[in-house]
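Below you'll find the structure, written out as structure tokens, and then a few comments.
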Amino acid sequence: MTFDGKGKSKFDKSKMPSRHTTLGPERAPHRSYLYAMGVTEKEIYQPLVGVATTWNEAAPCNISLARQAQVVKQGVRAAGGTPREFTTITVTDGIAMGHAGMKSSLVSRETIADSVELTVRGHCYDALVGLAGCDKSLPGLMMAMLRLNIASVFMYGGSILPGRFKGRDVTVVDIFEGVGQHAAGKMSAEDLHLLESVGCPSAGSCGGQFTANTMACVSEAIGLALPGSSGTPAPYQSRDQFAARSGEAVMALLESGIRPRDIVTRAALENAAAVVAATGGSTNAALHLPAIANEAGIDFDLDAVVEIFKRTPLIADLKPNGRYVAKDLYEIGGVQVVIKELLDSGHLHGDAITVTGKTIAENHADVVFPEDQDVVRRAAAPISPTGGVVGLRGSLAPEGAIAKVAHMSADKQAFRGTARCFDCEEDAFAAVMGGEIKAGDVIVIRYEGPKGGPGMREMLSTTAAITGLGLKDVSLVTDGRFSGGTRGLCVGHVGPEAAVGGPIALLEDGDIIVIDAQAGTIDLELSDDELAARRKAWKPRPTDFGSGALWRYAQTVGPAAKGAVTHPGARAETHVYADI
């Protein structure tokens with residue numbers, strides 16, 4: 001018996017992390033565990049490939065991932081690898097929304113990245129395929145890939161099919177807005193019950209250009225996913241072709257030596273931001289792209305993201321503000337159509353390398369723009385000349401803030417109003433539902449930032465209630481964040497956040513706030529002397545979390561403008577896992 005694995009695989013195990021668990025007589029105990037699970041001697045001496053999913057039974061977003069993972073494993077085996085499946089957590093925003101559970105959502109992104117890192121490190125896997133469904137699980141897995149820097153391929157689990165209600169396509173956001181409509185007497189209890197019964201008819205992630213589909217588009221644009229893999233709806237068996245090919249692709253990357261940090265460069269991040277802008281994607285991308293960049297040691301903060309947004313046309317007519325859902329985009333060719341149009345109009349770096357081993361331009365060379373459709377427009381005749389998400393800065397947000405203005409007319413992108421201050425979302429939601437908000441009000445929800453929440457909750461329950469109630473001439477400003485499904489002039493990620501004494505903490509009821517999304521400004525009509533006096537009187541507020549995961553997160557998390565990350569990233573590395 002030999003223990004060097006020579007002649008058993010075309011891959012040189014002596015240079016791979018799994019040599020620490022499979023090669024040499026001293027690793028006999030380790031190999032015995034693999035034999036116990038039915039792994040053959042041949043398979044032991046092949047590369048060990050982690051197949052990570054966020055499968056669970058919490059929500060439809062993740063329910064189909066386990067099945068898709070089995071096909072990925074077939075692809076890995078066919079290409080000479082030994083797949084080792086494992087799972088990690090995910091927190092589903094649609095269920096966590098509107099209560100204290102939402103504090104766990106953004107924190108879960110870090111836990112996903114950390115747990116995948118620890119699993120791969122602990123078992124010395126050589127490569128990774130990651131499958132994700134709900135919002136934070138997509139960037140969480142991509143962050144882990146960059147952190148580990150082993151050959152990696154990402155695959156989205158697919159979107160949900162649209163529901164049908166009274167002859168129109170609906171998504172979960174329609175149900176959130178239905179709560180407000182019911183409260184306003186515009187929807188009967190029977191109709192609300194019918195809507196909730198038909199709104200989410202299948203497995204898959206939320207069907208508009210909300211955070212999950214936004215980050216799925218990012219996965220292709222940034223080069224970590226195979227072209228076309230993000231578009232096919234979750235229930236379609238045709239997703240299997242992409243699952244098998246993803247397994248094969250990760251083995252090709254292992255053979256060629258192409259790693260995630262070769263793919264996710266500054267150019268790739270700019271490509272990803274451009275696709276977010278062109279599709280009217282979620283403001284959460286402005287948190288996740290800097291966090292992904294941090295894992296590669298690239299400076300790409302909120303300012304860098306919104307700079308790309310400014311120069312990219314909005315060309316996809318997608319919900320929540322547009323007319324179409326993810327399935328409609330898939331049926332006209334998927335995000336590849338958007339990418340191709342942006343390439344042809346000079347808005348993307350065509351030479352960025354991808355997991356195919358080819359450039360993004362080479363991947364899309366044969367894509368033909370479909371003419372008989374209006375889901376995606378030509379860049380020369382866009383819905384608007386700048387992207388659907390904008391950055392703002394001013395005396396209320398010295399570190400910056402962000403707003404989604406896709407499909408919003410110019411006259412709706414400016415607002416001057418009176419502050420109504422709330423120190424948590426629940427109080428703001430109660431005021432909205434209780435009829436306490438009137439035209440001209442700016443609802444301020446603070447102490448909901450990364451550190452102050454802790455966890456930077458989304459505000460979809462409140463913003464959807466505003467829409468559902470039909471409240472006009474009302475805006476909302478928060479140091480928290482928004483669902484990709486939020487509509488209206490809502491400003492999030494205000495920094496510095498209230499918990500560290502940012503200007504949003506100093507606001508009082510009746511203060512005047514001026515927002516101009518086109519100019520990119522958000523200001524207070526207060527003198528410097530008044531602000532200085534209030535700052536002197538301000539005292540930090542304790543949170544309700546003195547222990548546990550949320551406490552730990554609050555101790556380490558940085559500002560939203562930098563991605564709300566919890567560690568220094570690649571800049572502080574002394575080694576890369578892939579080279580152990």
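Naming scheme: A, B, ... for chains in displayed order of the structure tokens; residues 1 onward per chain; ligands 1 onward as shown.
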
Report as a ChimeraX atom specification all protein, DNA and RNA residues lying within 7 Å of A:Ser115, evaluated on only C-alpha atoms, omitting residues in the same chain fewer than 4 positions from it. /A:88,111,119

Let's have the selection written as a short mmCIF file (atom, residue, chain, number, x, y, z; two decimals), in the first residue's frame, with N, CA and C atoms.
data_model
loop_
_atom_site.label_atom_id
_atom_site.label_comp_id
_atom_site.auth_asym_id
_atom_site.auth_seq_id
_atom_site.Cartn_x
_atom_site.Cartn_y
_atom_site.Cartn_z
N THR A 88 -24.92 25.52 5.29
CA THR A 88 -24.76 26.57 6.28
C THR A 88 -26.11 27.25 6.46
N THR A 111 -21.95 35.31 9.11
CA THR A 111 -21.94 33.95 9.64
C THR A 111 -21.81 32.93 8.52
N THR A 119 -15.47 25.53 7.64
CA THR A 119 -15.67 24.16 7.14
C THR A 119 -14.58 23.78 6.15
#

Within 8 Å of A:Ala286, counting only C-alpha atoms, which residues show up once you throw out same-chain ones fewer than 2 positions away? Write them as a ChimeraX atom specification, please. /A:283-284,288-290,301-302,305-306,561,563

Nearest candidate to A:Asp191 (options A:Ile298, A:Thr467, A:Lys166, A:Thr211; using only C-alpha atoms):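 Using only C-alpha atoms, A:Asp191 sits closest to A:Lys166.
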
Nearest candidate to A:Ser409 (options A:Cys134, A:Cys217, A:Leu23, A:Leu489; using only C-alpha atoms):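 Counting only C-alpha atoms, the residue closest to A:Ser409 is A:Leu489.
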
Hey, what does DSSP flag as alpha helix (DSSP H) within stretch 152-380 of chain A? Can you give it to me as a ChimeraX atom specification? /A:172-183,189-198,211-221,239-256,260-263,266-278,285-296,302-310,326-331,335-344,360-363

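The environment of A:Ser197 within 10 Å, counting only C-alpha atoms and disregarding residues fewer than 6 places along the same chain, consists of Gly163, Phe165, Ile175 and Asp191 of chain A.
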
For A:Met215, find every residue with an atom within 12 Å (counting only C-alpha atoms), except residues of its own chain fewer than 5 positions away, and show them as a compact mmCIF listing (two decimals) with C-alpha atoms, in the first residue's frame.
# COMPACT_ATOMS: atom_id res chain seq x y z
CA ALA A 132 -27.52 30.14 -2.51
CA GLY A 133 -31.08 31.39 -2.59
CA CYS A 134 -32.03 34.15 -0.15
CA ASP A 135 -30.58 37.66 -0.08
CA LYS A 136 -27.57 37.55 2.24
CA SER A 137 -26.55 34.02 1.33
CA LEU A 138 -25.41 35.08 -2.14
CA PRO A 139 -22.82 37.65 -1.02
CA GLY A 140 -21.97 35.49 2.00
CA LEU A 141 -20.87 32.61 -0.23
CA MET A 142 -19.06 34.89 -2.68
CA PHE A 154 -21.11 30.27 -7.55
CA MET A 155 -24.61 29.19 -8.57
CA TYR A 156 -27.91 30.89 -7.76
CA GLY A 157 -30.80 28.62 -6.84
CA GLY A 158 -33.23 30.50 -9.09
CA SER A 159 -36.18 32.82 -8.65
CA SER A 205 -36.28 33.58 -4.32
CA CYS A 206 -38.41 36.74 -4.56
CA GLY A 208 -38.61 41.02 -8.78
CA GLN A 209 -35.28 42.78 -9.06
CA PHE A 210 -34.98 42.65 -5.31
CA GLU A 220 -22.61 36.57 -13.55
CA ALA A 221 -21.38 40.13 -14.09
CA ILE A 222 -18.54 39.75 -11.59
CA LEU A 224 -18.02 33.99 -10.42
CA ALA A 225 -21.01 32.22 -12.03
CA SER A 230 -28.82 32.86 -12.67
CA GLY A 231 -31.89 33.25 -14.84
CA ALA A 272 -21.11 44.23 -11.26
CA ALA A 273 -22.09 47.73 -10.12
CA VAL A 275 -25.35 45.68 -14.00
CA VAL A 276 -27.00 46.62 -10.69
CA ALA A 277 -27.61 50.12 -12.03
CA THR A 279 -31.38 46.62 -13.89
CA GLY A 280 -32.64 49.00 -11.19
CA GLY A 281 -31.28 46.62 -8.58
CA SER A 282 -31.37 46.66 -4.81
CA THR A 283 -29.61 49.28 -2.68
CA ASN A 284 -28.22 46.33 -0.72
CA ALA A 285 -25.71 45.84 -3.53
CA ALA A 286 -23.96 48.93 -2.19
CA LEU A 287 -23.33 46.96 1.02
CA HIS A 288 -22.43 43.67 -0.58
CA LEU A 289 -20.04 44.81 -3.33
CA ILE A 292 -16.88 41.24 -1.47
CA VAL A 335 -29.12 39.03 -17.66
CA GLY A 484 -34.86 45.47 -2.76

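Minimum distance to A:Arg168 across A:Gly101, A:Gln237, A:Ala428, A:Val325 (counting only C-alpha atoms) occurs at A:Val325.
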
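Look at stretch 36-50 of chain A: the protein and nucleic acid residues within 8 Å of it, using only C-alpha atoms and passing over chain neighbours fewer than 2 places away, are Gly5, Lys8, Ser9, Phe11, Lys13, Met16, Ser18, Thr22, Leu23, Arg31, Ser32, Tyr33, Leu34, Ala52, Val76, Gly80, Gly81, Thr82, Pro83, Arg84, Glu85, Phe86, Val120, Cys124, Tyr125, Asp126, Ala127, Leu128 and Val129 of chain A.
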
If you count only C-alpha atoms, which residues fall within 8 Å of A:Arg259, apart from same-chain ones fewer than 3 positions away, as a PyMOL selection string? chain A and resi 149-152+253-254+262-263

Distance query stretch 358-371 of chain A at most 12 Å, only C-alpha atoms, self and fewer than 5 positions along chain excluded, as number ranges by chain: A: 220-228, 249, 252-253, 256, 258, 262-263, 267-268, 271-272, 329-344, 346-353, 376-379

Go through stretch 67-172 of chain A and collect every residue that DSSP, computed from the backbone, puts in strand (DSSP E or B); the answer should be as a ChimeraX atom specification. /A:82-87,127-132,151-156,159,163-165,168-170

Report, in Å with one decimal, the straight-line distance from atom CA of A:Lys73 to atom CA of A:Thr214.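 Distance reported for this atom pair: 26.2 Å.
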
One number please: atom CA of A:Leu118 to atom CA of A:His575, in Å, one decimal.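 Answer for the atom CA of A:Leu118 to atom CA of A:His575 separation: 15.2 Å.
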